[in-house]
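Heads up, the thing below is written out as structure tokens.
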Number of protein chains: 2
Amino acid sequence: MPKLGMEPIRRKELISAAIAAIHARGSLDITIRDIASRAGVSQGLAHHYFGSKDRLIVASMRYLLTQFSRQASTELKRARTPRQRLSAIVNASLGEEQFQPEVITSWLVFYVHSHASIEARQLLSIYTRRLHTNLVHDLRPLVGNDAAVIAQGIGAMIDGIYIRHSLGRHTNYFKEGHRLVEDYIDLKIGFAQAAAAKPNDT
Amino acid sequence: MPKLGMEPIRRKELISAAIAAIHARGSLDITIRDIASRAGVSQGLAHHYFGSKDRLIVASMRYLLTQFSRQASTELKRARTPRQRLSAIVNASLGEEQFQPEVITSWLVFYVHSHASIEARQLLSIYTRRLHTNLVHDLRPLVGNDAAVIAQGIGAMIDGIYIRHSLGRHTNYFKEGHRLVEDYIDLKIGFAQAAAAKPNDT
DNA sequence: TTTTATTGATCAGCCGTTCAATAAAAAATA
DNA sequence: TATTTTTTATTGAACGGCTGATCAATAAAA
């Protein structure tokens with residue numbers, strides 16, 4: 001009973017199933033059979049649409065990154081000032097969408113996988129660079145030349161909060177994380193502007 | 001040609017080989033055969049001393065954590081003031097020993113593995129809790145009741161710097177990371193003490 | 001009749017684990 | 001001391017199980 005145009009539907013279902021399987025297993029040590037059965041299809045079909053397990057994994061990673069980028073664009077469009085744009089980036093990075101258990105685990109697994117896979121590393125570096133560029137761009141009008149260093153600090157804190165949340169049972173790390181990063185941003189901005197006001201300090 | 005007392009030697013060699021294999025593969029998806037051959041012994045011997053692959057993995061994880069704890073004690077013994085103790089913790093966490101490529105990869109892999117393994121999770125939570133307790137203990141005399149929150153910020157930043165270093169080719173993340181965390185600590189301490197001096201602010 | 005969708009059996013290969021066998025040092029015995 | 005026995009160290013073949021991939025077969029829509 002094959003209905004036409006199943007390809008995009010099945011691809012999506014298989015990707016979702018792969019992410020669910022990664023979450024359940026806590027690693028990439030998952031089988032095509034498991035993924036396929038979660039998607040309600042046979043192993044053969046997974047190979048038919050993705051060619052190999054590897055390409056299904058990479059497709060799943062790309063899917064997560066695309067979702068994040070989309071979220072970030074949405075948040076950034078609402079922002080008016082540089083300071084608001086900084087918050088938008090924080091919101092996208094630590095937003096509810098990123099804190100879904102399956103997303104957290106998969107993200108982390110891909111992070112580690114990028115040590116071994118060139119494709120994974122390239123995908124991830126695109127995300128990291130874009131995040132950094134955005135942060136620097138919006139920090140410069142607020143803190144001048146310190147923008148790059150502060151962006152490193154913000155990025156590190158976001159990643160750290162994310163990874164810590166993924167382990168602990170801190171249910172409200174979600175909101176506390178926001179506060180930590182926002183506080184850090186305000187602190188650095190305040191300090192930079194105070195230094196600009198009385199330029200006798202270093 | 002069996003010489004006596006080989007057990008501790010072989011255990012150590014196998015653990016080192018396991019860490020090397022994890023680094024090479026970028027995951028726990030490694031074979032006993034690979035580990036054994038790296039250690040220059042047969043697969044059989046690895047099973048003889050560790051019983052199973054799982055226990056060898058856990059032993060490797062425990063080894064890394066022990067190494068870190070030892071390093072932290074050494075650093076802390078040299079510190080006199082609370083502020084120095086904070087730096088000692090940062091030094092131990094971001095020290096050269098922790099930044100060896102093999103250690104970085106393995107640490108990260110275990111981090112992820114703790115999603116699936118109860119034993120790994122327990123081991124890791126001991127480390128996390130100890131770090132947090134130490135930070136809070138030394139922060140309290142400097143910042144009072146904000147200690148817990150700031151400790152979260154410091155911990156997150158350390159983890160973030162670590163994980164970011166593990167990916168990028170930032171050769172000098174090693175020193176820059178130190179500066180980022182130290183700067184954050186100073187900023188928070190300074191702010192807390194300023195607030196204590198003129199207690200009209202929130 | 002061709003194309004698209006889907007299945008499940010099948011295959012070759014690898015993996016963790018078990019186990020019988022070997023060999024040398026240490027301990028016990030004569 | 002000379003010997004047998006026990007213990008410790010080590011190997012590699014063998015086994016059962018699972019995995020990714022292939023492929024022939026089926027079935028419905030175009």
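Quick note on naming: the chains in the structure tokens go A, B, ... in the order shown, residues restart at 1 in each chain, and ligands are numbered from 1 in order of appearance.
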Could you list, as an mmCIF file with C-alpha atoms (C1' of nucleotides), in the first residue's frame, the residues of chain D having an atom within 7 Å of chain A when counting only C-alpha atoms (C1' of nucleotides)?
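Output below, filename iface35.cif:
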data_model
loop_
_atom_site.group_PDB
_atom_site.id
_atom_site.type_symbol
_atom_site.label_atom_id
_atom_site.label_comp_id
_atom_site.auth_asym_id
_atom_site.auth_seq_id
_atom_site.Cartn_x
_atom_site.Cartn_y
_atom_site.Cartn_z
ATOM 1 C "C1'" DA D 27 2.604 -4.735 -3.833
ATOM 2 C "C1'" DA D 28 0.316 -0.704 -4.968
ATOM 3 C "C1'" DA D 29 0.175 3.703 -7.354
#
What's the 9 Å shell around C:DA27, counting only C-alpha atoms (C1' of nucleotides), without same-chain residues fewer than 5 positions away, as a list in words?
-> DT5, DT6 and DT7 of chain D
Would you save the residues of that selection, restricted to N, CA and C atoms (P, O5', C5', C4', C3', O3' and C1' of nucleotides), as a short mmCIF file (atom, residue, chain, number, x, y, z; two decimals), in the first residue's frame?
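Output file again-v9.cif is given in full below:
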data_model
loop_
_atom_site.label_atom_id
_atom_site.label_comp_id
_atom_site.auth_asym_id
_atom_site.auth_seq_id
_atom_site.Cartn_x
_atom_site.Cartn_y
_atom_site.Cartn_z
P DT D 5 53.62 -34.75 42.47
"O5'" DT D 5 53.14 -33.34 43.04
"C5'" DT D 5 53.25 -33.10 44.44
"C4'" DT D 5 52.80 -31.69 44.75
"C3'" DT D 5 51.52 -31.26 44.02
"O3'" DT D 5 50.64 -30.68 44.97
"C1'" DT D 5 53.24 -29.67 43.66
P DT D 6 49.16 -30.28 44.61
"O5'" DT D 6 49.25 -28.68 44.63
"C5'" DT D 6 49.85 -28.05 45.78
"C4'" DT D 6 50.14 -26.61 45.45
"C3'" DT D 6 48.96 -25.84 44.83
"O3'" DT D 6 48.66 -24.74 45.65
"C1'" DT D 6 50.97 -25.43 43.63
P DT D 7 47.40 -23.83 45.37
"O5'" DT D 7 48.10 -22.55 44.73
"C5'" DT D 7 49.24 -21.99 45.39
"C4'" DT D 7 49.90 -20.96 44.49
"C3'" DT D 7 48.92 -19.97 43.83
"O3'" DT D 7 49.38 -18.66 44.09
"C1'" DT D 7 50.37 -20.88 42.21
#
Pull out every residue of chain C that has at least one atom within 7 Å of chain A, counting only C-alpha atoms (C1' of nucleotides), and report them as a ChimeraX atom specification.
-> /C:4-7
Measure the distance from atom CA of A:Val109 to atom CA of A:Tyr49 in Å and round it to one decimal.
->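 Atom CA of A:Val109 sits 23.0 Å away from atom CA of A:Tyr49.
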For the contact check between chain A and chain B, emit one row per residue of chain A within 6 Å, containing the shortest atom pair and the distance in Å rounded to one decimal, counting only C-alpha atoms, chain then rising number order, as CSV.
residue,atom,partner,partner_atom,distance
A:Gly26,CA,B:Ala116,CA,5.1
A:His115,CA,B:Gly26,CA,5.3
A:Ala116,CA,B:Gly26,CA,5.0
A:Ala156,CA,B:Gly160,CA,4.1
A:Met157,CA,B:Met157,CA,4.4
A:Asp159,CA,B:Gly160,CA,4.9
A:Gly160,CA,B:Gly160,CA,3.9
A:Ile161,CA,B:Ala156,CA,5.2
May I have the residues from that selection written out with N, CA and C atoms, as a short mmCIF file (atom, residue, chain, number, x, y, z; two decimals), in the first residue's frame?
data_model
loop_
_atom_site.label_atom_id
_atom_site.label_comp_id
_atom_site.auth_asym_id
_atom_site.auth_seq_id
_atom_site.Cartn_x
_atom_site.Cartn_y
_atom_site.Cartn_z
N GLY A 26 22.18 6.63 25.31
CA GLY A 26 23.18 7.52 25.87
C GLY A 26 24.47 7.55 25.06
N HIS A 115 34.97 14.34 17.77
CA HIS A 115 36.39 14.03 17.93
C HIS A 115 36.85 13.06 16.84
N ALA A 116 35.93 12.17 16.47
CA ALA A 116 36.31 11.09 15.57
C ALA A 116 35.84 11.34 14.14
N ALA A 156 31.57 29.83 26.79
CA ALA A 156 32.00 28.76 27.68
C ALA A 156 30.94 28.52 28.76
N MET A 157 30.41 29.61 29.30
CA MET A 157 29.43 29.46 30.37
C MET A 157 28.16 28.79 29.86
N ASP A 159 27.92 26.68 27.31
CA ASP A 159 28.22 25.26 27.11
C ASP A 159 28.31 24.53 28.45
N GLY A 160 28.93 25.17 29.42
CA GLY A 160 29.09 24.55 30.72
C GLY A 160 27.74 24.31 31.40
N ILE A 161 26.89 25.31 31.36
CA ILE A 161 25.56 25.16 31.96
C ILE A 161 24.80 24.03 31.27
#
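With only C-alpha atoms (C1' of nucleotides) as the atoms that count, the residue of B:Ala20, B:Ala46, B:Ala92, B:Leu76 with the shortest distance to C:DG16 is B:Ala46.
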For the atom pair atom CA of A:Ala17 and atom CA of A:Gln71, what is the interatomic distance in Å to one decimal place?
->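 Straight-line distance from atom CA of A:Ala17 to atom CA of A:Gln71 works out to 21.4 Å.
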Running DSSP on the backbone, which parts of stretch 2-168 of chain B land in alpha helix (DSSP H), as a PyMOL selection string?
-> chain B and resi 6-25+32-39+43-50+53-78+82-93+101-113+118-143+147-167
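Take atom CA of A:Pro82 and atom CA of A:Thr133: the distance between them is 13.2 Å.
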